[in-house]
Amino acid sequence: MAAGPDPLAEAQRALAAGLAANADGRPAAASARFRAALRRLEALGDGGPTAGERSTQARRVRARALLGLVMSDFELRADIHEALAMLDEAERDAADARDAGTAVAVLGQRGLLWLRAGDAGRSLADHDAAVARLDLADPVDACCILLNRSTLLLERGEIGRAQADLVQCAERAETIGDGRLAFKARHNLGYAQFLAGDLPRALATMAAAAEDSEGGSEAIPLLDRAQVLLEAGLVTEADETLARAGRIFADQRLALDLAQVEISRSACAVLLRRPDEGRRWAQQARRRLARRGNLPWLARAELAELRAGLELALRDGAGPGVRLRLARRAADLADRTERAGGDRTSARQARLVRAAALASAGRSREARDALAAAGRLTGREPLTLALGWRAVAAQLDFDSGLAAAGRRQVAAGQALLAEHRRQFGSVEAVTAAAVIGERLAAVELRAALRAQDPRAVLEATERGRATFAGPARVRPPADPVLADLLAELRFAVERERALPPDAAAERATQREIVRLRAAARQRSWHLDGELGPPEAPTAEALIAGRAGTEGAVVDVVTLDGAVHAVVVDASGARLHHLAEADEVSRVARRIGADLHALSAAHLPVPMRQVVRGSLDRGLAWADATLLAPLGVDGPMHLAVGGELVTLPWGLLPSRRGLPTSVGTRLGVGAPPRRHAGAFVVAGPGLVDAAQEVEAVARIWGTEALTGTAATARATAAGLAGAGVVHLAAHGRHEPDNPLFSWLRLVDGPLFAHELEGIDLRGSVVVLSACEVGRATVRPGGEVLGLASVLLRLGADAVVAALAPLRDDVAAHLMPTVHRALRTGATASQALAAVDPGDPVPLACFATRP
């Protein structure tokens, strides 16, 4: 008679299946397999270990099945008492089997259980006890214990200890060949770097982990990466990452997780100025959550839908009826959320949407009532709520003729946004707050345009731009105390974002955020280099600065589909209404395409003639439309927002031979004194680079950095302290990731963000490289590129190409530019001295004339 199945072998197979299901994030399936393993062990009869005489192997299998069941059942039912009882059983089985490795695993699992239950103190004590005995643990258990303790340490803000655990976990996992655990550790190390404020390093670490992972990234790590990308202002990449996570959640039929992805994608679409798409994502999430009956997340989906709907109504100029319907829906959502005892912040946000919709529909009295219902600001609100409140209050004040009160509301909101950007660091920290900040500035600017007041238009524009012009920092500050404070602050903000609707926990976290903000602010007061945004100029100061000078300063601004300009010269300030924004944008894009096409060395003559004719027509139209009405016939400095910053203003017919510079804002005061000497570098792969840099170096009486000496580190180091910098190198503007625009040197690319911290005050930087004068307009109106980063680091001017610059053309022109600089000319004067015959896509970027 054939023997029946071996219960112990069946239990081992069920245990393995349960562990695999747990690792895949399927707690229900895991629980079923672990229970099956326990049933098989109970079925052991006289032919094997009995209930009173269990073998070491059977006891170990039972302990392991109980360990797995603890977490899978806790994820499903959250019964802490049942889970602790099972852990006690597992601990007894491990002791009976004299299995030290499983005993360590029990300690680690108890620590994880307390972590999931929200008791950080007990969790850390158990994790620390497990780590103290780590060498006795099975290799996989050791990795899991380190991984779980690092999560707890990150929540506590102990970055250094967390990173040490993650590095050790990754090394152990790689030693045993466990690619999944190695990936989790490496990925989480990137997340720790993000929380510490080092965005470039975090992105690089996460990307490397994803490349080395077995079977591709999992959905939760993808969500982490999307959050990092969004904080860095890389909204397009964040949205693409969310799309990948959404596909995984859809395949796994995880409806709640998928809805959360859709809500995040709605926010990304609004940031990318695609509110119609944002509304579709939010509607999809709302329908999915309504079927599940998850009321807190349903409220968030409805709020996302309302926000996108209001953006769509404002963009398309929808009538009052549409806006009033949005206001009614927002009021209903706020009432339902409050009655259900839900998230108070979500209810306040909904009332704020109602106030904004009513204000935009001209219902000022009702809007003020709605704003009052949203509650007064206390300083503990999320930044987006505080900025939105200020924007609505400012609009209501301006609409009521209370201009001074409206300006105070705008100024208070801009101060909040500037503080946020300074503390959180990234030069492109353009999350939802930046979009609201742009709207805040537009409220004041719109009122100034209605009043036809050129001085008010200029000052409103420049205050808004200065808010986004803080110091370039994408890494933690050098001061360790401030770095730790900012890391703690970032943790607190992340913790608040992840909190379930719980008024007490929310208030406690908000108090902690306020405390940390104050501590970080006070610390920064005592440090050099921790500067707030630059001072915005006043019209009076600009007019006084033009006294006795030629030419003019021109502030170009686009609002509500129209392009306007304020001209400031010795006679005062005057306002001009120039053109429709869409038409200007179309011509600017065509000019850019034509310049790009003409840069090709082997373009056939007939095609070159066609393209040149198109370029000439575009330049002539822009000249007649944008410059002729201004009546400026001398030197000109333009402050331009958005994509018009890269229009080749110096190539317009009336500007040929005249000094012309352009920037994204107006600087205040005289430029710093330029240092003596020049720093000249040639990168690889340029046929005429050696000839070019030798000629430039001779003009300045210096030696050029070439060949194997022209490394990224040597170039970055040499930038500081030079009055003039000349970089002849291949370059690239990364439109979706401007701070990773680069110059190619002998050992690889030198990225824009790597220049952070270098003092370039007073210097002139000449970038003899392809297209690195291009820039990208980020959500919130921020204009970024390599030239803008150099200006933020203090450069007085940057000469750069707006389209590919041929090597032979650069070698011919650059000595002329430097001979003029050598005689004391400004960068714009030096560039105006160049007469290449054919248009050359070089521009002078600066913050002052």
# chains A, B, ... in the order shown; residues from 1 in each chain; ligands from 1
$ residues_around --residues "Leu310 of chain A" --least-positions-apart "4" --cutoff "12 Å" --atoms "only C-alpha atoms" --output "number ranges by chain"
A: 270, 274-276, 278-279, 303-306, 314-320, 322-327, 329-330, 350, 352-361
$ residues_around --residues "Ser763 of chain A" --least-positions-apart "5" --cutoff "8 Å" --atoms "only C-alpha atoms" --output "VMD selection string"
chain A and resid 674 to 675 722 to 725 794 to 797
$ residues_around --residues "Val443 of chain A" --least-positions-apart "4" --cutoff "8 Å" --atoms "only C-alpha atoms" --output "tab-separated table (two decimals) with all heavy atoms, in the first residue's frame"
chain	number	residue	atom	x	y	z
A	391	ALA	N	-4.57	84.08	-1.91
A	391	ALA	CA	-4.92	84.46	-3.28
A	391	ALA	C	-6.37	84.91	-3.36
A	391	ALA	O	-6.70	85.93	-4.01
A	391	ALA	CB	-4.66	83.30	-4.23
A	394	ALA	N	-6.78	88.26	-1.52
A	394	ALA	CA	-6.22	89.37	-2.30
A	394	ALA	C	-7.16	89.75	-3.44
A	394	ALA	O	-7.40	90.95	-3.69
A	394	ALA	CB	-4.86	88.98	-2.86
A	395	GLN	N	-7.70	88.75	-4.13
A	395	GLN	CA	-8.61	89.06	-5.24
A	395	GLN	C	-9.84	89.83	-4.74
A	395	GLN	O	-10.28	90.80	-5.36
A	395	GLN	CB	-9.05	87.78	-5.93
A	395	GLN	CG	-9.98	88.03	-7.12
A	395	GLN	CD	-10.34	86.77	-7.86
A	395	GLN	OE1	-9.66	85.76	-7.76
A	395	GLN	NE2	-11.43	86.83	-8.61
A	439	ARG	N	-0.47	82.25	-9.41
A	439	ARG	CA	-1.81	82.84	-9.45
A	439	ARG	C	-1.90	84.02	-8.47
A	439	ARG	O	-2.57	85.01	-8.74
A	439	ARG	CB	-2.85	81.79	-9.09
A	439	ARG	CG	-4.29	82.26	-9.29
A	439	ARG	CD	-5.29	81.22	-8.83
A	439	ARG	NE	-5.03	79.97	-9.51
A	439	ARG	CZ	-5.16	78.77	-8.93
A	439	ARG	NH1	-5.52	78.69	-7.66
A	439	ARG	NH2	-4.93	77.67	-9.61
A	447	ALA	N	-4.88	93.51	-11.38
A	447	ALA	CA	-5.43	94.77	-10.86
A	447	ALA	C	-4.62	95.97	-11.36
A	447	ALA	O	-5.19	97.02	-11.70
A	447	ALA	CB	-5.44	94.72	-9.33
$ select_by_dssp --residues "segment 265-488 of chain A" --states "helix (DSSP H, G or I)" --output "JSON, numbers by chain"
{"A": [265, 266, 267, 268, 269, 270, 271, 275, 276, 277, 278, 279, 280, 281, 282, 283, 284, 285, 286, 287, 288, 289, 290, 291, 292, 295, 296, 297, 298, 299, 300, 301, 302, 303, 304, 305, 306, 307, 308, 309, 310, 311, 312, 313, 314, 315, 316, 320, 321, 322, 323, 324, 325, 326, 327, 328, 329, 330, 331, 332, 333, 334, 335, 336, 337, 338, 339, 344, 345, 346, 347, 348, 349, 350, 351, 352, 353, 354, 355, 356, 357, 358, 359, 360, 364, 365, 366, 367, 368, 369, 370, 371, 372, 373, 383, 384, 385, 386, 387, 388, 389, 390, 391, 392, 393, 394, 395, 396, 397, 398, 399, 403, 404, 405, 406, 407, 408, 409, 410, 411, 412, 413, 414, 415, 416, 417, 418, 419, 420, 421, 422, 423, 424, 432, 433, 434, 435, 436, 437, 438, 439, 440, 441, 442, 443, 444, 445, 446, 447, 448, 449, 450, 454, 455, 456, 457, 458, 459, 460, 461, 462, 463, 464, 465, 466, 467, 480, 481, 482, 483, 484, 485, 486, 487, 488]}
$ residues_around --residues "segment 386-390 of chain A" --least-positions-apart "5" --cutoff "7 Å" --atoms "only C-alpha atoms" --output "JSON, numbers by chain"
{"A": [352, 377, 381, 409, 410, 413, 436, 437]}
$ closest_atom_pairs --of "segment 375-465 of chain A" --to "segment 534-557 of chain A" --cutoff "6 Å" --atoms "only C-alpha atoms" --output "Markdown table"
| residue | atom | partner | partner_atom | distance |
| --- | --- | --- | --- | --- |
| A:Arg455 | CA | A:Ala539 | CA | 5.4 |
| A:Glu459 | CA | A:Thr538 | CA | 5.9 |
| A:Glu462 | CA | A:Ala536 | CA | 5.6 |
| A:Arg463 | CA | A:Ala536 | CA | 5.3 |
$ write_last_selection --atoms "C-alpha atoms" --output "PDB file, in the first residue's frame"
ATOM      1  CA  ARG A 455       4.765 101.341 -12.054  1.00  0.00           C
ATOM      2  CA  GLU A 459       6.466  96.104  -9.253  1.00  0.00           C
ATOM      3  CA  GLU A 462       9.049  91.704 -10.308  1.00  0.00           C
ATOM      4  CA  ARG A 463       7.842  90.780  -6.809  1.00  0.00           C
TER       5      ARG A 463
END
$ atom_distance --atom1 "atom CA of Leu87 of chain A" --atom2 "atom CA of Met71 of chain A"
10.0 Å
$ residues_around --residues "Arg172 of chain A" --least-positions-apart "4" --cutoff "8 Å" --atoms "only C-alpha atoms" --output "NGL selection string"
:A and (139 or 143 or 168 or 176)
$ write_last_selection --atoms "N, CA, C and O atoms" --output "PDB file, in the first residue's frame"
ATOM      1  N   PRO A 139      20.272  34.496   6.839  1.00  0.00           N
ATOM      2  CA  PRO A 139      20.672  35.652   6.027  1.00  0.00           C
ATOM      3  C   PRO A 139      19.498  36.508   5.534  1.00  0.00           C
ATOM      4  O   PRO A 139      19.571  37.743   5.568  1.00  0.00           O
ATOM      5  N   CYS A 143      18.532  40.527   6.582  1.00  0.00           N
ATOM      6  CA  CYS A 143      18.243  41.617   5.643  1.00  0.00           C
ATOM      7  C   CYS A 143      16.907  42.278   5.965  1.00  0.00           C
ATOM      8  O   CYS A 143      16.790  43.514   5.970  1.00  0.00           O
ATOM      9  N   GLN A 168      24.113  48.160   4.780  1.00  0.00           N
ATOM     10  CA  GLN A 168      24.430  46.811   5.253  1.00  0.00           C
ATOM     11  C   GLN A 168      23.439  45.781   4.699  1.00  0.00           C
ATOM     12  O   GLN A 168      23.838  44.681   4.292  1.00  0.00           O
ATOM     13  N   ILE A 176      24.089  37.055  -0.700  1.00  0.00           N
ATOM     14  CA  ILE A 176      23.310  35.807  -0.802  1.00  0.00           C
ATOM     15  C   ILE A 176      22.546  35.718  -2.126  1.00  0.00           C
ATOM     16  O   ILE A 176      21.795  34.763  -2.349  1.00  0.00           O
TER      17      ILE A 176
END
$ residues_around --residues "Met86 of chain A" --least-positions-apart "4" --cutoff "10 Å" --atoms "only C-alpha atoms" --output "PyMOL selection string"
chain A and resi 63+65-70+80-82+90-92
$ residues_around --residues "segment 119-130 of chain A" --least-positions-apart "2" --cutoff "7 Å" --atoms "only C-alpha atoms" --output "VMD selection string"
chain A and resid 104 107 to 108 110 to 112 114 to 115 117 132 to 134 145 149
$ write_last_selection --atoms "C-alpha atoms" --output "PDB file, in the first residue's frame"
ATOM      1  CA  VAL A 104      15.977  36.456  16.231  1.00  0.00           C
ATOM      2  CA  LEU A 107      12.219  39.629  17.703  1.00  0.00           C
ATOM      3  CA  GLY A 108      12.354  41.319  14.331  1.00  0.00           C
ATOM      4  CA  ARG A 110       7.569  41.768  16.882  1.00  0.00           C
ATOM      5  CA  GLY A 111       9.385  45.017  16.095  1.00  0.00           C
ATOM      6  CA  LEU A 112       7.681  45.171  12.686  1.00  0.00           C
ATOM      7  CA  TRP A 114       4.743  47.403  16.732  1.00  0.00           C
ATOM      8  CA  LEU A 115       5.874  49.590  13.808  1.00  0.00           C
ATOM      9  CA  ALA A 117       0.630  49.371  15.050  1.00  0.00           C
ATOM     10  CA  ALA A 132      22.298  42.922  18.390  1.00  0.00           C
ATOM     11  CA  ARG A 133      21.913  39.185  17.598  1.00  0.00           C
ATOM     12  CA  LEU A 134      21.964  39.600  13.824  1.00  0.00           C
ATOM     13  CA  ILE A 145      15.344  43.147  10.072  1.00  0.00           C
ATOM     14  CA  ARG A 149      14.570  49.043  11.247  1.00  0.00           C
TER      15      ARG A 149
END
$ atom_distance --atom1 "atom CA of Val61 of chain A" --atom2 "atom CA of Lys184 of chain A"
26.0 Å
$ atom_distance --atom1 "atom CA of Ala714 of chain A" --atom2 "atom CA of Leu821 of chain A"
24.0 Å
